[in-house]
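Dropping work.cif in here (mmCIF, C-alpha atoms):
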data_entry
#
loop_
_atom_site.label_atom_id
_atom_site.label_comp_id
_atom_site.auth_asym_id
_atom_site.auth_seq_id
_atom_site.Cartn_x
_atom_site.Cartn_y
_atom_site.Cartn_z
CA MET A 1 -16.33 24.12 -47.64
CA SER A 2 -15.18 21.31 -49.83
CA CYS A 3 -16.38 17.77 -49.51
CA LEU A 4 -13.72 15.26 -48.55
CA LEU A 5 -15.70 12.07 -48.28
CA GLU A 6 -18.99 11.27 -49.87
CA CYS A 7 -20.95 8.16 -49.05
CA ARG A 8 -23.38 7.43 -51.86
CA SER A 9 -26.19 5.01 -50.99
CA ILE A 10 -23.91 2.37 -49.55
CA THR A 11 -25.50 -1.00 -48.93
CA LYS A 12 -23.58 -3.99 -47.63
CA LYS A 13 -25.08 -7.43 -47.26
CA PHE A 14 -23.44 -10.48 -45.75
CA GLY A 15 -25.62 -13.24 -47.19
CA THR A 16 -29.12 -12.27 -46.19
CA PHE A 17 -27.95 -10.06 -43.32
CA CYS A 18 -27.97 -6.37 -44.20
CA ALA A 19 -25.07 -4.68 -42.37
CA LEU A 20 -25.53 -1.28 -43.99
CA SER A 21 -28.62 -0.11 -45.78
CA ASP A 22 -28.62 2.81 -48.21
CA ILE A 23 -26.29 5.08 -46.24
CA ASN A 24 -25.79 8.62 -47.56
CA PHE A 25 -23.76 11.43 -46.04
CA THR A 26 -20.84 13.72 -46.75
CA ILE A 27 -17.91 14.83 -44.63
CA GLU A 28 -16.21 18.16 -45.21
CA ARG A 29 -12.58 19.01 -44.71
CA GLY A 30 -11.41 20.09 -41.30
CA ARG A 31 -14.02 18.20 -39.28
CA ILE A 32 -13.79 15.75 -36.43
CA VAL A 33 -16.71 13.39 -36.80
CA GLY A 34 -18.03 10.79 -34.39
CA LEU A 35 -19.50 7.65 -35.93
CA LEU A 36 -21.72 6.46 -33.14
CA GLY A 37 -23.93 3.44 -32.77
CA PRO A 38 -24.52 0.45 -30.54
CA ASN A 39 -22.58 -2.79 -30.96
CA GLY A 40 -23.24 -4.41 -34.30
CA SER A 41 -24.73 -1.30 -35.86
CA GLY A 42 -22.37 -1.27 -38.85
CA LYS A 43 -19.68 1.20 -37.73
CA SER A 44 -16.73 -1.04 -38.52
CA THR A 45 -18.32 -2.23 -41.75
CA PHE A 46 -18.55 1.36 -42.95
CA ILE A 47 -14.94 2.06 -41.99
CA LYS A 48 -13.75 -1.07 -43.75
CA ILE A 49 -15.60 -0.08 -46.91
CA ALA A 50 -14.08 3.42 -46.78
CA ASN A 51 -10.72 1.67 -46.58
CA GLY A 52 -11.26 -0.73 -49.42
CA LEU A 53 -11.08 -3.76 -47.13
CA LEU A 54 -14.66 -4.63 -47.97
CA THR A 55 -16.54 -3.91 -51.17
CA PRO A 56 -20.06 -2.61 -50.86
CA THR A 57 -22.96 -4.62 -52.30
CA SER A 58 -24.10 -1.41 -53.97
CA GLY A 59 -23.27 2.29 -53.84
CA GLU A 60 -19.85 3.86 -53.55
CA ILE A 61 -17.67 6.01 -51.37
CA ILE A 62 -15.84 8.90 -53.01
CA ILE A 63 -12.78 10.26 -51.24
CA ASN A 64 -11.29 13.48 -52.53
CA GLY A 65 -12.90 12.93 -55.93
CA SER A 66 -11.84 9.33 -56.46
CA SER A 67 -13.68 6.15 -55.78
CA VAL A 68 -12.09 3.96 -53.05
CA GLY A 69 -8.98 2.21 -54.41
CA THR A 70 -5.20 2.49 -54.55
CA GLU A 71 -5.29 6.26 -54.86
CA THR A 72 -7.51 6.79 -51.84
CA LYS A 73 -5.43 4.46 -49.67
CA LYS A 74 -2.63 7.02 -49.86
CA MET A 75 -4.97 9.61 -48.40
CA VAL A 76 -6.49 7.49 -45.67
CA SER A 77 -4.83 6.56 -42.40
CA TYR A 78 -6.64 3.69 -40.76
CA LEU A 79 -6.68 2.47 -37.19
CA PRO A 80 -8.30 -0.97 -37.18
CA GLU A 81 -10.26 -2.28 -34.24
CA ARG A 82 -7.55 -4.81 -33.46
CA THR A 83 -3.84 -4.40 -33.85
CA TYR A 84 -1.97 -6.01 -36.68
CA LEU A 85 1.54 -5.21 -35.48
CA ASN A 86 4.24 -7.82 -35.92
CA ASN A 87 4.98 -9.15 -32.47
CA TRP A 88 8.60 -9.98 -33.17
CA MET A 89 9.45 -6.40 -34.18
CA LYS A 90 10.73 -3.59 -32.01
CA VAL A 91 8.76 -0.35 -31.85
CA SER A 92 11.54 1.42 -33.75
CA GLU A 93 11.46 -1.24 -36.48
CA MET A 94 7.73 -0.78 -36.79
CA ILE A 95 8.27 2.96 -37.25
CA ALA A 96 10.87 2.31 -39.95
CA TYR A 97 8.45 -0.10 -41.60
CA PHE A 98 5.64 2.47 -41.67
CA SER A 99 8.01 5.13 -42.87
CA ASP A 100 9.06 2.89 -45.81
CA PHE A 101 5.47 2.12 -46.55
CA TYR A 102 3.87 5.57 -46.46
CA ASP A 103 5.28 8.68 -48.15
CA ASP A 104 3.43 10.93 -45.75
CA PHE A 105 4.81 9.32 -42.57
CA ASP A 106 6.50 11.75 -40.16
CA LYS A 107 9.10 9.85 -38.08
CA ASN A 108 9.83 12.78 -35.77
CA LYS A 109 6.21 13.06 -34.85
CA ALA A 110 6.09 9.35 -34.01
CA TYR A 111 9.18 9.47 -31.78
CA GLU A 112 7.91 12.58 -30.04
CA MET A 113 4.60 10.90 -29.21
CA LEU A 114 6.36 7.72 -28.01
CA GLN A 115 8.41 9.81 -25.65
CA ARG A 116 5.37 11.65 -24.30
CA LEU A 117 3.63 8.36 -23.56
CA GLY A 118 6.80 6.86 -22.08
CA ILE A 119 7.12 4.01 -24.55
CA SER A 120 10.64 2.85 -25.32
CA PRO A 121 11.46 2.58 -29.05
CA ASP A 122 13.66 -0.41 -28.22
CA ALA A 123 10.85 -2.41 -26.67
CA LYS A 124 9.77 -5.54 -28.52
CA LEU A 125 6.09 -5.44 -29.34
CA LYS A 126 5.44 -8.83 -27.76
CA THR A 127 6.60 -7.49 -24.39
CA LEU A 128 4.04 -4.66 -24.44
CA SER A 129 0.64 -4.81 -22.76
CA LYS A 130 -2.54 -4.72 -24.81
CA GLY A 131 -3.15 -1.05 -23.98
CA THR A 132 0.41 -0.04 -24.82
CA LYS A 133 0.22 -1.86 -28.14
CA GLU A 134 -2.92 0.11 -28.93
CA LYS A 135 -1.09 3.32 -28.12
CA VAL A 136 1.77 2.36 -30.46
CA GLN A 137 -0.73 1.58 -33.18
CA LEU A 138 -2.44 4.92 -32.75
CA ILE A 139 0.90 6.75 -32.81
CA LEU A 140 1.72 5.07 -36.12
CA VAL A 141 -1.63 6.05 -37.58
CA MET A 142 -1.56 9.64 -36.34
CA SER A 143 2.03 10.19 -37.51
CA ARG A 144 0.94 10.15 -41.12
CA ASN A 145 -0.03 13.41 -42.77
CA ALA A 146 -3.15 11.96 -44.30
CA ASP A 147 -6.36 13.57 -45.54
CA ILE A 148 -8.63 11.30 -43.57
CA TYR A 149 -7.97 9.43 -40.35
CA LEU A 150 -10.37 6.56 -39.81
CA LEU A 151 -10.12 5.52 -36.20
CA ASP A 152 -12.07 2.42 -35.25
CA GLU A 153 -12.48 2.41 -31.46
CA PRO A 154 -9.25 4.30 -30.73
CA ILE A 155 -9.74 4.71 -27.00
CA GLY A 156 -11.45 1.49 -26.00
CA GLY A 157 -8.52 -0.30 -24.43
CA VAL A 158 -6.44 2.49 -22.93
CA ASP A 159 -6.53 4.07 -19.49
CA PRO A 160 -8.26 7.42 -18.88
CA ALA A 161 -5.01 9.42 -18.68
CA ALA A 162 -3.79 8.04 -22.00
CA ARG A 163 -7.27 8.63 -23.37
CA ASP A 164 -6.90 12.33 -22.60
CA TYR A 165 -3.49 12.35 -24.26
CA ILE A 166 -4.87 10.64 -27.34
CA LEU A 167 -7.73 13.12 -27.64
CA ASN A 168 -5.23 15.90 -27.16
CA THR A 169 -3.14 14.40 -29.94
CA ILE A 170 -6.17 14.38 -32.20
CA ILE A 171 -6.96 18.03 -31.40
CA THR A 172 -3.41 19.28 -31.82
CA ASN A 173 -2.80 17.31 -35.00
CA TYR A 174 -5.96 18.71 -36.39
CA ASN A 175 -5.62 20.84 -39.49
CA GLU A 176 -8.25 22.36 -41.69
CA ASN A 177 -7.43 20.17 -44.67
CA SER A 178 -7.94 16.82 -43.04
CA SER A 179 -10.80 15.14 -41.23
CA VAL A 180 -10.94 12.58 -38.50
CA ILE A 181 -13.68 9.97 -38.23
CA ILE A 182 -13.85 8.26 -34.87
CA SER A 183 -16.08 5.28 -34.30
CA THR A 184 -16.83 4.58 -30.68
CA HIS A 185 -19.45 4.03 -28.07
CA LEU A 186 -17.47 5.84 -25.37
CA ILE A 187 -19.33 9.02 -26.21
CA SER A 188 -18.96 11.08 -23.07
CA ASP A 189 -15.18 10.81 -23.33
CA ILE A 190 -14.98 12.22 -26.81
CA GLU A 191 -17.97 14.46 -27.38
CA GLN A 192 -16.11 17.66 -26.53
CA VAL A 193 -13.73 17.17 -29.41
CA LEU A 194 -16.34 16.35 -32.05
CA ASP A 195 -17.78 18.74 -34.64
CA ASP A 196 -20.42 16.41 -35.98
CA VAL A 197 -21.99 13.11 -35.10
CA ILE A 198 -23.42 10.36 -37.25
CA PHE A 199 -25.76 7.94 -35.48
CA ILE A 200 -26.28 4.55 -37.04
CA LYS A 201 -28.50 1.73 -35.87
CA ASN A 202 -28.93 -1.71 -37.40
CA GLY A 203 -27.27 -0.51 -40.58
CA HIS A 204 -29.53 2.51 -40.97
CA LEU A 205 -28.52 6.11 -40.72
CA VAL A 206 -30.49 7.59 -37.82
CA LEU A 207 -29.18 11.15 -37.90
CA THR A 208 -26.30 13.41 -38.82
CA SER A 209 -25.98 16.63 -36.88
CA SER A 210 -23.48 19.04 -35.44
CA VAL A 211 -22.75 18.48 -31.77
CA GLU A 212 -23.67 22.05 -30.88
CA ASP A 213 -27.08 21.75 -32.55
CA ILE A 214 -27.94 18.72 -30.47
CA ARG A 215 -26.78 20.37 -27.27
CA MET A 216 -28.65 23.54 -28.13
CA ASN A 217 -31.93 21.98 -29.30
CA GLN A 218 -32.12 19.02 -26.95
CA GLU A 219 -30.42 20.71 -24.01
CA LYS A 220 -28.57 17.53 -23.28
CA SER A 221 -25.21 15.99 -23.95
CA ILE A 222 -24.61 13.72 -26.95
CA ASP A 223 -24.15 10.90 -24.49
CA ALA A 224 -27.59 11.50 -22.95
CA TYR A 225 -29.16 11.95 -26.36
CA PHE A 226 -27.60 8.71 -27.61
CA ARG A 227 -29.06 6.84 -24.64
CA GLU A 228 -32.46 8.25 -25.54
CA VAL A 229 -32.27 7.40 -29.25
CA PHE A 230 -30.89 3.92 -28.70
CA ARG A 231 -32.83 2.95 -25.59
CA CYS A 232 -32.98 -0.82 -25.37
CA MET B 1 -10.80 29.38 -13.51
CA THR B 2 -10.66 26.08 -15.28
CA TRP B 3 -12.73 25.13 -18.29
CA ASN B 4 -15.47 23.48 -16.35
CA LEU B 5 -17.78 22.47 -19.15
CA LYS B 6 -21.31 21.31 -18.47
CA SER B 7 -22.55 18.57 -20.70
CA ASN B 8 -26.09 19.84 -21.32
CA GLN B 9 -25.26 23.23 -22.84
CA PRO B 10 -23.63 24.23 -26.10
CA ILE B 11 -19.88 24.13 -25.70
CA TYR B 12 -19.05 27.36 -27.48
CA THR B 13 -21.23 29.52 -25.23
CA GLN B 14 -19.48 28.05 -22.21
CA LEU B 15 -16.07 28.72 -23.75
CA LEU B 16 -17.17 32.26 -24.50
CA GLU B 17 -18.28 32.83 -20.90
CA THR B 18 -15.04 31.43 -19.49
CA ILE B 19 -12.96 33.72 -21.69
CA GLN B 20 -15.11 36.70 -20.71
CA ILE B 21 -14.55 35.92 -17.05
CA ARG B 22 -10.83 35.53 -17.66
CA ILE B 23 -10.81 38.97 -19.25
CA ILE B 24 -12.80 40.82 -16.60
CA SER B 25 -10.85 39.18 -13.81
CA GLY B 26 -7.58 40.28 -15.38
CA PHE B 27 -6.35 36.72 -15.94
CA TYR B 28 -5.95 37.90 -19.54
CA PRO B 29 -4.72 41.49 -19.09
CA VAL B 30 -6.16 44.51 -20.91
CA GLY B 31 -4.57 44.82 -24.34
CA GLY B 32 -2.76 41.50 -23.85
CA LYS B 33 -2.34 38.73 -26.37
CA LEU B 34 -4.58 35.68 -26.27
CA PRO B 35 -3.10 32.20 -26.71
CA SER B 36 -3.71 30.69 -30.16
CA VAL B 37 -6.90 28.81 -31.03
CA ARG B 38 -4.96 25.57 -31.00
CA GLU B 39 -3.45 26.24 -27.58
CA LEU B 40 -6.79 27.25 -26.11
CA ALA B 41 -8.54 24.24 -27.66
CA ALA B 42 -5.92 21.87 -26.29
CA GLU B 43 -6.12 23.50 -22.86
CA ALA B 44 -9.91 23.21 -22.73
CA ALA B 45 -9.81 19.78 -24.45
CA VAL B 46 -12.32 20.86 -27.06
CA ASN B 47 -12.52 20.87 -30.81
CA PRO B 48 -10.54 23.76 -32.39
CA ASN B 49 -13.53 24.70 -34.58
CA THR B 50 -15.65 25.17 -31.47
CA MET B 51 -13.00 27.38 -29.87
CA GLN B 52 -12.76 29.31 -33.11
CA LYS B 53 -16.51 29.90 -33.01
CA ALA B 54 -16.32 31.27 -29.46
CA LEU B 55 -13.47 33.59 -30.42
CA SER B 56 -15.30 34.85 -33.52
CA GLU B 57 -18.27 35.70 -31.35
CA LEU B 58 -16.03 37.63 -28.95
CA GLU B 59 -14.49 39.43 -31.88
CA ARG B 60 -17.91 40.46 -33.09
CA SER B 61 -18.69 41.91 -29.69
CA GLY B 62 -15.44 43.89 -29.84
CA LEU B 63 -13.97 42.39 -26.69
CA ILE B 64 -11.07 40.92 -28.63
CA HIS B 65 -9.66 41.80 -32.02
CA SER B 66 -7.34 39.96 -34.33
CA GLN B 67 -4.28 41.36 -35.98
CA ARG B 68 -3.68 39.62 -39.22
CA THR B 69 -0.35 37.99 -38.54
CA THR B 70 0.33 38.44 -34.86
CA GLY B 71 -2.74 36.90 -33.28
CA ARG B 72 -5.67 37.94 -31.14
CA PHE B 73 -5.59 40.67 -28.53
CA ILE B 74 -7.84 41.76 -25.67
CA THR B 75 -9.44 45.14 -26.20
CA GLU B 76 -7.81 48.18 -24.59
CA ASP B 77 -11.22 49.70 -24.05
CA THR B 78 -11.41 49.55 -20.24
CA VAL B 79 -14.89 51.10 -20.27
CA MET B 80 -16.16 48.15 -22.27
CA ILE B 81 -14.53 45.65 -19.92
CA ARG B 82 -15.95 47.44 -16.91
CA LYS B 83 -19.41 47.40 -18.45
CA LEU B 84 -19.17 43.68 -19.17
CA ARG B 85 -18.09 43.12 -15.59
CA GLU B 86 -21.17 44.94 -14.33
CA ASP B 87 -23.48 43.10 -16.73
CA ILE B 88 -22.21 39.76 -15.54
CA ALA B 89 -22.47 40.81 -11.89
CA ARG B 90 -26.06 41.89 -12.50
CA GLU B 91 -26.89 38.57 -14.11
CA HIS B 92 -25.47 36.67 -11.15
CA ILE B 93 -27.44 38.78 -8.70
CA GLU B 94 -30.70 38.45 -10.61
CA LYS B 95 -30.25 34.72 -10.73
CA PHE B 96 -29.55 34.69 -7.01
CA PHE B 97 -32.67 36.69 -6.19
CA LYS B 98 -34.71 34.34 -8.30
CA SER B 99 -33.47 31.27 -6.48
CA MET B 100 -34.09 32.98 -3.14
CA GLU B 101 -37.62 33.65 -4.31
CA GLN B 102 -38.06 29.97 -4.97
CA ILE B 103 -37.35 29.18 -1.33
CA GLY B 104 -39.84 31.81 -0.20
CA PHE B 105 -37.76 34.95 0.37
CA THR B 106 -39.00 38.32 -0.83
CA ASN B 107 -36.35 40.65 -2.25
CA GLU B 108 -36.47 42.73 0.93
CA GLU B 109 -35.94 39.71 3.13
CA THR B 110 -33.03 38.60 0.98
CA GLU B 111 -31.44 42.03 1.18
CA GLU B 112 -31.79 42.06 4.96
CA LEU B 113 -30.24 38.63 5.18
CA ILE B 114 -27.32 39.68 2.99
CA ILE B 115 -26.63 42.68 5.19
CA ALA B 116 -26.89 40.62 8.33
CA ILE B 117 -24.49 38.00 7.00
CA THR B 118 -21.87 40.40 5.65
CA ARG B 119 -21.90 42.45 8.87
CA ARG B 120 -21.50 39.40 11.04
CA GLU B 121 -18.56 38.22 8.99
CA GLU B 122 -16.84 41.57 9.30
CA VAL B 123 -16.97 41.55 13.09
#
How does the structure come out when it is put into structure tokens?
Amino acid sequence: MSCLLECRSITKKFGTFCALSDINFTIERGRIVGLLGPNGSGKSTFIKIANGLLTPTSGEIIINGSSVGTETKKMVSYLPERTYLNNWMKVSEMIAYFSDFYDDFDKNKAYEMLQRLGISPDAKLKTLSKGTKEKVQLILVMSRNADIYLLDEPIGGVDPAARDYILNTIITNYNENSSVIISTHLISDIEQVLDDVIFIKNGHLVLTSSVEDIRMNQEKSIDAYFREVFRC
Amino acid sequence: MTWNLKSNQPIYTQLLETIQIRIISGFYPVGGKLPSVRELAAEAAVNPNTMQKALSELERSGLIHSQRTTGRFITEDTVMIRKLREDIAREHIEKFFKSMEQIGFTNEETEELIIAITRREEV
């Protein structure tokens, strides 16, 4: 299998605080990976570095053979932890905006998902609830045909039914050429859809493993194993 | 016959068992076509790679076979399906006897109890 993302001894310091410390791992194509860790463990920092929103203090991330930059931004579809949608726009205008911005944006896919979740394209974003806005944001991100989807807490603010739909969207959009990285601490909700997990704690990589190996060797769920590894 | 997945066991073995049960119960008919990996994964809400792994395992055992372009089919070998059905029944029964043993029943006592209960229900 070919390597899609390679994280080469990434270290990120904010002043004297070390957010990530010498992180190394690779992600292959066609995988759904959970980036798991307690609050403040460095999950979002990693995702922002992979996006080019932050530069690492040392080390580099290679995506599809190129170091993070303009080229890799075309391949990466990013769902940030908070929404950045323009409140004065309508949903349909936002879709047009994304479609202008990204070559790989599939409008039909976006409208189809809006319909499934019962969101009107004519609605102004400022009239939508927080959860609905998050759904719109996720629809925009998942409607691209990208190589990597970086989803920072995609299911935190939405109700359980929509959560199921979102996971279903991730599974059905899955193809063997792209990978999805999901950062979350809602492990029990997503562990069935994951291939691999990456545990990080205080900026250190604790383990990378396939979900089935953990279930087989530990005879417990990822959620239970996480609670054990990160016991407070 | 839903995909009732337990959280403390590997997922693919549970998928495999559910598909086996669906085959021996006739939910997926002999010689019939299986839904695609993607459809099955979505239905069970699991990762497509995991479903793929379960299906590969079933293919290896001969219970299903894939035809290059048209998809995966259940075997037409009814002897094989019948044998699987018996194997699974035996497993269930052995497990049952073991748990009866734990609450202090010998095999003979358990058998007697089974007969007593089934007779009473028939009356």
For chain B versus chain A, which residues have an atom no more than 10 Å away, and what is each residue's nearest atom pair and distance in Å rounded to one decimal, using all atoms listed in the file, chain-then-number order, as JSON lines?
{"residue": "B:Leu5", "atom": "CA", "partner": "A:Gln192", "partner_atom": "CA", "distance": 9.0}
{"residue": "B:Lys6", "atom": "CA", "partner": "A:Ser221", "partner_atom": "CA", "distance": 8.6}
{"residue": "B:Ser7", "atom": "CA", "partner": "A:Ser221", "partner_atom": "CA", "distance": 4.9}
{"residue": "B:Asn8", "atom": "CA", "partner": "A:Lys220", "partner_atom": "CA", "distance": 3.9}
{"residue": "B:Gln9", "atom": "CA", "partner": "A:Arg215", "partner_atom": "CA", "distance": 5.5}
{"residue": "B:Pro10", "atom": "CA", "partner": "A:Arg215", "partner_atom": "CA", "distance": 5.1}
{"residue": "B:Ile11", "atom": "CA", "partner": "A:Glu212", "partner_atom": "CA", "distance": 6.7}
{"residue": "B:Tyr12", "atom": "CA", "partner": "A:Glu212", "partner_atom": "CA", "distance": 7.8}
{"residue": "B:Thr13", "atom": "CA", "partner": "A:Glu212", "partner_atom": "CA", "distance": 9.7}
{"residue": "B:Arg38", "atom": "CA", "partner": "A:Thr172", "partner_atom": "CA", "distance": 6.5}
{"residue": "B:Glu39", "atom": "CA", "partner": "A:Thr172", "partner_atom": "CA", "distance": 8.1}
{"residue": "B:Ala41", "atom": "CA", "partner": "A:Ile171", "partner_atom": "CA", "distance": 7.4}
{"residue": "B:Ala42", "atom": "CA", "partner": "A:Asn168", "partner_atom": "CA", "distance": 6.1}
{"residue": "B:Glu43", "atom": "CA", "partner": "A:Asn168", "partner_atom": "CA", "distance": 8.8}
{"residue": "B:Ala44", "atom": "CA", "partner": "A:Gln192", "partner_atom": "CA", "distance": 9.1}
{"residue": "B:Ala45", "atom": "CA", "partner": "A:Asn168", "partner_atom": "CA", "distance": 6.6}
{"residue": "B:Val46", "atom": "CA", "partner": "A:Val193", "partner_atom": "CA", "distance": 4.6}
{"residue": "B:Asn47", "atom": "CA", "partner": "A:Val193", "partner_atom": "CA", "distance": 4.1}
{"residue": "B:Pro48", "atom": "CA", "partner": "A:Ile171", "partner_atom": "CA", "distance": 6.8}
{"residue": "B:Asn49", "atom": "CA", "partner": "A:Asp195", "partner_atom": "CA", "distance": 7.3}
{"residue": "B:Thr50", "atom": "CA", "partner": "A:Asp195", "partner_atom": "CA", "distance": 7.5}
Near segment 96-112 of chain A, counting all atoms listed in the file, which residues have an atom at most 9 Å away, once you skip same-chain residues fewer than 2 positions from it, shown as a JSON list (two decimals) with C-alpha atoms, keeping the file's coordinate frame?
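Full text of out.json as output:
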[["chain", "number", "residue", "atom", "x", "y", "z"],
["A", 74, "LYS", "CA", -2.63, 7.02, -49.86],
["A", 75, "MET", "CA", -4.97, 9.61, -48.40],
["A", 91, "VAL", "CA", 8.76, -0.35, -31.85],
["A", 92, "SER", "CA", 11.54, 1.42, -33.75],
["A", 93, "GLU", "CA", 11.46, -1.24, -36.48],
["A", 94, "MET", "CA", 7.73, -0.78, -36.79],
["A", 114, "LEU", "CA", 6.36, 7.72, -28.01],
["A", 115, "GLN", "CA", 8.41, 9.81, -25.65],
["A", 116, "ARG", "CA", 5.37, 11.65, -24.30],
["A", 117, "LEU", "CA", 3.63, 8.36, -23.56],
["A", 121, "PRO", "CA", 11.46, 2.58, -29.05],
["A", 136, "VAL", "CA", 1.77, 2.36, -30.46],
["A", 139, "ILE", "CA", 0.90, 6.75, -32.81],
["A", 140, "LEU", "CA", 1.72, 5.07, -36.12],
["A", 141, "VAL", "CA", -1.63, 6.05, -37.58],
["A", 142, "MET", "CA", -1.56, 9.64, -36.34],
["A", 143, "SER", "CA", 2.03, 10.19, -37.51],
["A", 144, "ARG", "CA", 0.94, 10.15, -41.12],
["A", 145, "ASN", "CA", -0.03, 13.41, -42.77],
["A", 146, "ALA", "CA", -3.15, 11.96, -44.30]]
Ranking A:Leu186, A:Val229, A:Ile200, A:Leu205 by minimum distance to Gly37 of chain A and counting all atoms listed in the file, which one comes first? A:Ile200
To verify the selection step, state as a PDB file with C-alpha atoms, in the frame of the given file which residues the PyMOL selection byres ((chain A and resi 20) around 7) yields on this input.
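Written out: expr32.pdb:
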ATOM      1  CA  ILE A  10     -23.910   2.370 -49.550  1.00  0.00           C
ATOM      2  CA  THR A  11     -25.500  -1.000 -48.930  1.00  0.00           C
ATOM      3  CA  LYS A  12     -23.580  -3.990 -47.630  1.00  0.00           C
ATOM      4  CA  LYS A  13     -25.080  -7.430 -47.260  1.00  0.00           C
ATOM      5  CA  CYS A  18     -27.970  -6.370 -44.200  1.00  0.00           C
ATOM      6  CA  ALA A  19     -25.070  -4.680 -42.370  1.00  0.00           C
ATOM      7  CA  SER A  21     -28.620  -0.110 -45.780  1.00  0.00           C
ATOM      8  CA  ASP A  22     -28.620   2.810 -48.210  1.00  0.00           C
ATOM      9  CA  ILE A  23     -26.290   5.080 -46.240  1.00  0.00           C
ATOM     10  CA  GLY A  42     -22.370  -1.270 -38.850  1.00  0.00           C
ATOM     11  CA  GLY A 203     -27.270  -0.510 -40.580  1.00  0.00           C
ATOM     12  CA  HIS A 204     -29.530   2.510 -40.970  1.00  0.00           C
TER      13      HIS A 204
END
Determine, counting all atoms listed in the file, which protein, DNA and RNA residues have an atom within 12 Å of an atom of Ser129 of chain A; residues of the same chain fewer than 2 positions away are not included. Present the result as a list in words.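 Residues near the query, excluding close chain neighbours: Thr83, Asn87, Ile119, Ala123, Lys124, Leu125, Lys126, Thr127, Gly131, Thr132, Lys133, Glu134, Lys135, Val136, Gly157, Val158 and Asp159 of chain A.
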C-alpha atoms of the current selection, written as a compact mmCIF listing (two decimals), keeping the file's coordinate frame:
# COMPACT_ATOMS: atom_id res chain seq x y z
CA THR A 83 -3.84 -4.40 -33.85
CA ASN A 87 4.98 -9.15 -32.47
CA ILE A 119 7.12 4.01 -24.55
CA ALA A 123 10.85 -2.41 -26.67
CA LYS A 124 9.77 -5.54 -28.52
CA LEU A 125 6.09 -5.44 -29.34
CA LYS A 126 5.44 -8.83 -27.76
CA THR A 127 6.60 -7.49 -24.39
CA GLY A 131 -3.15 -1.05 -23.98
CA THR A 132 0.41 -0.04 -24.82
CA LYS A 133 0.22 -1.86 -28.14
CA GLU A 134 -2.92 0.11 -28.93
CA LYS A 135 -1.09 3.32 -28.12
CA VAL A 136 1.77 2.36 -30.46
CA GLY A 157 -8.52 -0.30 -24.43
CA VAL A 158 -6.44 2.49 -22.93
CA ASP A 159 -6.53 4.07 -19.49
Might you spell out which residues the PyMOL selection byres ((chain B and resi 77) around 12) would select in the displayed file, as a count of residues only? 21
